[in-house]
Amino acid sequence: RVVALFQRCAPSVANIQTSVLRRESPLSLNAVEVPRGTGSGFVWDEDGHVVTNYHVIKDAETAKIFLPEHEGALDARLVGAEPEKDLAVLKVDAPKSALRPLYALGSSSALLVGQTCVAIGNPFGLDSTLTTGVVSALGREVQGVGGRPIKGCVQTDAAINPGNSGGPLLDSRGRLIGVNTAIFSPSGTSAGIGFAIPV
C-alpha cells in the first residue's frame with residue numbers, strides 16, 4: 001500500500017532550490033546566483049501553482065523548481081504568501097504533462113493520534129525521499145516565521161529533516177493532511193518530533 005501511495009504521489013512533490021544574486025566583486029556590475037537553500041513543495045493544480053513553506057523562499061531572489069516528470073529546472077515566481085501561517089504559493093510555467101496535482105485533500109480535523117502518516121520531500125537535497133510514521137499528537141503550537149505561533153499543528157514521528165520543509169504530510173490513503181514545516185531537534189536533524197501545518 002505504501003509503495004502504491006509513493007508511486008502515485010511522488011510525481012507531485014517538487015524540489016525547490018533558492019538563490020540570491022551577488023556581484024562577482026565590489027567593482028563588477030555582473031551578478032551571479034549564489035545558492036541559498038533547498039526545500040520541498042507540492043503541485044496544487046494543473047495551472048502550475050506549487051505550495052511550500054514561506055520560510056523556504058523567504059529572502060530568496062530566485063527560485064527554481066524540479067519536478068520528477070520534467071527534465072530540467074523550472075523558474076518559479078512568488079504569487080502568494082501568508083508568513084503568519086508559514087505558507088507560500090509559487091507559480092511555474094510547465095507543460096500539463098509534467099504537472100501532477102496531489103491525489104486528494106484529507107481533513108486535519110478528523111485525524112487521530114496513532115494513525116499512519118507519510119512524508120515525501122527532499123531532505124538534505126535528496127529528492128523524492130519517503131518516510132513513514134504516525135500522528136504523534138494534535139493541536140501543537142509552533143513558532144512561525146512571521147513571529148506568531150501557528151496553532152493546531154500536527155506532530156509526527158515520520159522523519160523530517162532540513163529540506164523536507166514545504167513537502168506534504170499524507171495519510172495512509174495518500175490524502176494531504178498537512179505541510180511539513182518544522183522539527184524539534186537539539187542536533188538540527190530528525191529526533192522523531194516533526195510538525196506540519198494542518199491542511
# chains A, B, ... in the order shown; residues from 1 in each chain; ligands from 1
call {"tool": "residues_around", "arguments": {"residues": "range 125-133 of chain A", "least_positions_apart": "4", "cutoff": "6 Å", "atoms": "only C-alpha atoms", "output": "PyMOL selection string"}}
result
chain A and resi 116-121+157-159
call {"tool": "residues_around", "arguments": {"residues": "Asp171 in chain A", "least_positions_apart": "5", "cutoff": "12 Å", "atoms": "only C-alpha atoms", "output": "compact mmCIF listing (two decimals) with N, CA and C atoms, in the first residue's frame"}}
result
# COMPACT_ATOMS: atom_id res chain seq x y z
N ARG A 1 0.83 -1.20 0.00
CA ARG A 1 0.00 0.00 0.00
C ARG A 1 0.86 1.26 0.00
N VAL A 2 1.93 1.25 0.79
CA VAL A 2 2.82 2.42 0.84
C VAL A 2 3.55 2.59 -0.49
N LEU A 5 1.15 4.20 -2.80
CA LEU A 5 0.98 5.61 -2.42
C LEU A 5 2.14 6.44 -2.94
N PHE A 6 3.35 5.94 -2.74
CA PHE A 6 4.53 6.68 -3.21
C PHE A 6 4.51 6.85 -4.73
N CYS A 9 1.89 9.53 -5.54
CA CYS A 9 2.04 10.88 -5.00
C CYS A 9 3.40 11.54 -5.25
N TYR A 103 -3.07 13.88 -5.24
CA TYR A 103 -4.21 12.99 -5.45
C TYR A 103 -5.51 13.52 -4.83
N ALA A 104 -5.48 13.88 -3.56
CA ALA A 104 -6.70 14.32 -2.88
C ALA A 104 -6.36 15.05 -1.60
N LEU A 105 -7.30 15.87 -1.15
CA LEU A 105 -7.17 16.55 0.12
C LEU A 105 -7.81 15.72 1.21
N GLY A 106 -7.15 15.65 2.35
CA GLY A 106 -7.71 14.98 3.51
C GLY A 106 -8.31 16.01 4.44
N SER A 107 -8.51 15.61 5.67
CA SER A 107 -9.06 16.50 6.69
C SER A 107 -8.19 16.41 7.93
N SER A 108 -7.66 17.53 8.36
CA SER A 108 -6.84 17.51 9.57
C SER A 108 -7.71 17.46 10.82
N ALA A 110 -10.16 15.51 11.35
CA ALA A 110 -10.58 14.14 11.63
C ALA A 110 -9.42 13.23 12.02
N LEU A 111 -8.23 13.78 12.16
CA LEU A 111 -7.06 12.96 12.47
C LEU A 111 -7.13 12.39 13.87
N LEU A 112 -6.52 11.23 14.03
CA LEU A 112 -6.44 10.57 15.33
C LEU A 112 -4.98 10.25 15.65
N VAL A 113 -4.59 10.44 16.89
CA VAL A 113 -3.24 10.07 17.31
C VAL A 113 -3.07 8.56 17.10
N GLY A 114 -1.97 8.19 16.48
CA GLY A 114 -1.67 6.80 16.23
C GLY A 114 -1.89 6.38 14.79
N GLN A 115 -2.61 7.19 14.00
CA GLN A 115 -2.83 6.78 12.62
C GLN A 115 -1.58 7.00 11.79
N THR A 116 -1.42 6.16 10.79
CA THR A 116 -0.23 6.19 9.93
C THR A 116 -0.20 7.46 9.10
N CYS A 117 1.00 7.99 8.92
CA CYS A 117 1.19 9.13 8.01
C CYS A 117 2.51 8.97 7.27
N VAL A 118 2.61 9.67 6.17
CA VAL A 118 3.76 9.55 5.28
C VAL A 118 4.22 10.95 4.88
N ALA A 119 5.53 11.17 4.90
CA ALA A 119 6.10 12.44 4.42
C ALA A 119 6.93 12.15 3.18
N ILE A 120 6.77 13.00 2.17
CA ILE A 120 7.60 12.91 0.97
C ILE A 120 8.24 14.27 0.77
N THR A 132 7.98 7.23 6.85
CA THR A 132 6.68 6.89 7.41
C THR A 132 6.71 7.01 8.92
N GLY A 133 5.54 7.17 9.48
CA GLY A 133 5.41 7.26 10.93
C GLY A 133 3.95 7.29 11.30
N VAL A 134 3.70 7.88 12.44
CA VAL A 134 2.33 8.02 12.91
C VAL A 134 2.09 9.47 13.31
N VAL A 135 0.82 9.81 13.44
CA VAL A 135 0.45 11.09 14.05
C VAL A 135 0.74 10.94 15.54
N VAL A 154 0.11 19.48 13.47
CA VAL A 154 0.14 18.03 13.60
C VAL A 154 1.57 17.63 13.96
N THR A 156 4.34 14.60 14.26
CA THR A 156 4.57 13.27 13.70
C THR A 156 5.97 12.78 14.01
N ALA A 158 7.31 10.68 11.76
CA ALA A 158 7.90 10.44 10.44
C ALA A 158 9.12 11.35 10.32
N LEU A 176 -3.69 14.63 1.39
CA LEU A 176 -2.92 15.68 2.06
C LEU A 176 -3.55 16.00 3.41
N ILE A 177 -2.77 15.89 4.48
CA ILE A 177 -3.26 16.26 5.80
C ILE A 177 -2.45 17.40 6.42
N GLY A 178 -1.31 17.75 5.81
CA GLY A 178 -0.53 18.85 6.34
C GLY A 178 0.66 19.19 5.47
N VAL A 179 1.29 20.32 5.81
CA VAL A 179 2.50 20.77 5.12
C VAL A 179 3.64 20.73 6.14
N PRO A 198 -1.62 22.07 9.55
CA PRO A 198 -2.76 21.25 9.15
C PRO A 198 -3.39 21.73 7.85
N VAL A 199 -3.84 20.76 7.03
CA VAL A 199 -4.42 21.11 5.75
C VAL A 199 -5.65 21.99 5.93
call {"tool": "closest_atom_pairs", "arguments": {"of": "range 100-173 of chain A", "to": "range 80-95 of chain A", "cutoff": "9 Å", "atoms": "only C-alpha atoms", "output": "CSV"}}
result
residue,atom,partner,partner_atom,distance
A:Gly144,CA,A:Asp86,CA,6.2
A:Val145,CA,A:Asp86,CA,6.2
A:Gly146,CA,A:Glu84,CA,4.6
A:Gly147,CA,A:Glu84,CA,7.1
A:Arg148,CA,A:Glu84,CA,6.2
A:Pro149,CA,A:Glu84,CA,7.8
A:Ile150,CA,A:Lys85,CA,6.0
A:Lys151,CA,A:Lys85,CA,8.9
A:Gly166,CA,A:Leu87,CA,8.0
call {"tool": "write_last_selection", "arguments": {"atoms": "C-alpha atoms", "output": "JSON list (two decimals), in the first residue's frame"}}
result
[["chain", "number", "residue", "atom", "x", "y", "z"],
["A", 144, "GLY", "CA", 6.01, 30.67, 12.95],
["A", 145, "VAL", "CA", 8.48, 32.56, 10.79],
["A", 146, "GLY", "CA", 6.11, 35.54, 10.92],
["A", 147, "GLY", "CA", 6.70, 35.84, 14.68],
["A", 148, "ARG", "CA", 3.35, 34.44, 15.81],
["A", 149, "PRO", "CA", 2.59, 30.90, 16.89],
["A", 150, "ILE", "CA", 0.88, 28.60, 14.39],
["A", 151, "LYS", "CA", -1.85, 26.76, 16.26],
["A", 166, "GLY", "CA", 7.11, 22.59, 2.42]]
call {"tool": "closest_residue", "arguments": {"among": "A:Thr62, A:Ser12, A:Ser165, A:Ser136", "to": "Trp44 in chain A", "atoms": "only C-alpha atoms"}}
result
A:Ser12
call {"tool": "residues_around", "arguments": {"residues": "Ser40 in chain A", "least_positions_apart": "3", "cutoff": "10 Å", "atoms": "only C-alpha atoms", "output": "VMD selection string"}}
result
chain A and resid 13 to 17 50 to 53 56 65 to 66 120 to 123 125 127 to 128 162 to 168 179 to 181
call {"tool": "closest_residue", "arguments": {"among": "A:Arg77, A:Ala182, A:Pro11, A:Ala196", "to": "Ala137 in chain A", "atoms": "only C-alpha atoms"}}
result
A:Ala196
call {"tool": "select_by_dssp", "arguments": {"residues": "range 42-94 of chain A", "states": "strand (DSSP E)", "output": "ChimeraX atom specification"}}
result
/A:42-43,49-52,62-66,74-82,87-92
call {"tool": "write_last_selection", "arguments": {"atoms": "C-alpha atoms", "output": "mmCIF file, in the first residue's frame"}}
result
data_model
loop_
_atom_site.group_PDB
_atom_site.id
_atom_site.type_symbol
_atom_site.label_atom_id
_atom_site.label_comp_id
_atom_site.auth_asym_id
_atom_site.auth_seq_id
_atom_site.Cartn_x
_atom_site.Cartn_y
_atom_site.Cartn_z
ATOM 1 C CA PHE A 42 3.851 20.074 -3.997
ATOM 2 C CA VAL A 43 1.842 20.720 -7.129
ATOM 3 C CA HIS A 49 0.709 26.504 -8.618
ATOM 4 C CA VAL A 50 3.112 24.934 -6.116
ATOM 5 C CA VAL A 51 2.558 25.156 -2.354
ATOM 6 C CA THR A 52 5.534 25.367 0.013
ATOM 7 C CA THR A 62 15.290 33.422 -7.437
ATOM 8 C CA ALA A 63 13.647 30.029 -7.074
ATOM 9 C CA LYS A 64 13.883 27.016 -9.335
ATOM 10 C CA ILE A 65 11.613 24.000 -9.162
ATOM 11 C CA PHE A 66 12.457 20.472 -10.217
ATOM 12 C CA LEU A 74 11.573 25.498 -13.985
ATOM 13 C CA ASP A 75 11.731 29.156 -12.997
ATOM 14 C CA ALA A 76 9.227 29.899 -10.248
ATOM 15 C CA ARG A 77 7.734 33.184 -9.157
ATOM 16 C CA LEU A 78 6.056 34.004 -5.876
ATOM 17 C CA VAL A 79 2.330 34.682 -6.339
ATOM 18 C CA GLY A 80 1.083 34.489 -2.751
ATOM 19 C CA ALA A 81 2.309 34.230 0.810
ATOM 20 C CA GLU A 82 0.997 34.066 4.359
ATOM 21 C CA LEU A 87 2.783 29.174 3.648
ATOM 22 C CA ALA A 88 3.623 30.401 0.164
ATOM 23 C CA VAL A 89 2.427 29.725 -3.361
ATOM 24 C CA LEU A 90 4.803 29.673 -6.320
ATOM 25 C CA LYS A 91 3.850 29.581 -9.998
ATOM 26 C CA VAL A 92 5.703 27.752 -12.756
#
call {"tool": "atom_distance", "arguments": {"atom1": "CA of Pro186 in chain A", "atom2": "CA of Ser172 in chain A"}}
result
29.3 Å
call {"tool": "atom_distance", "arguments": {"atom1": "CA of Asp45 in chain A", "atom2": "CA of Ile183 in chain A"}}
result
27.5 Å
call {"tool": "atom_distance", "arguments": {"atom1": "CA of Leu102 in chain A", "atom2": "CA of Ile197 in chain A"}}
result
16.4 Å
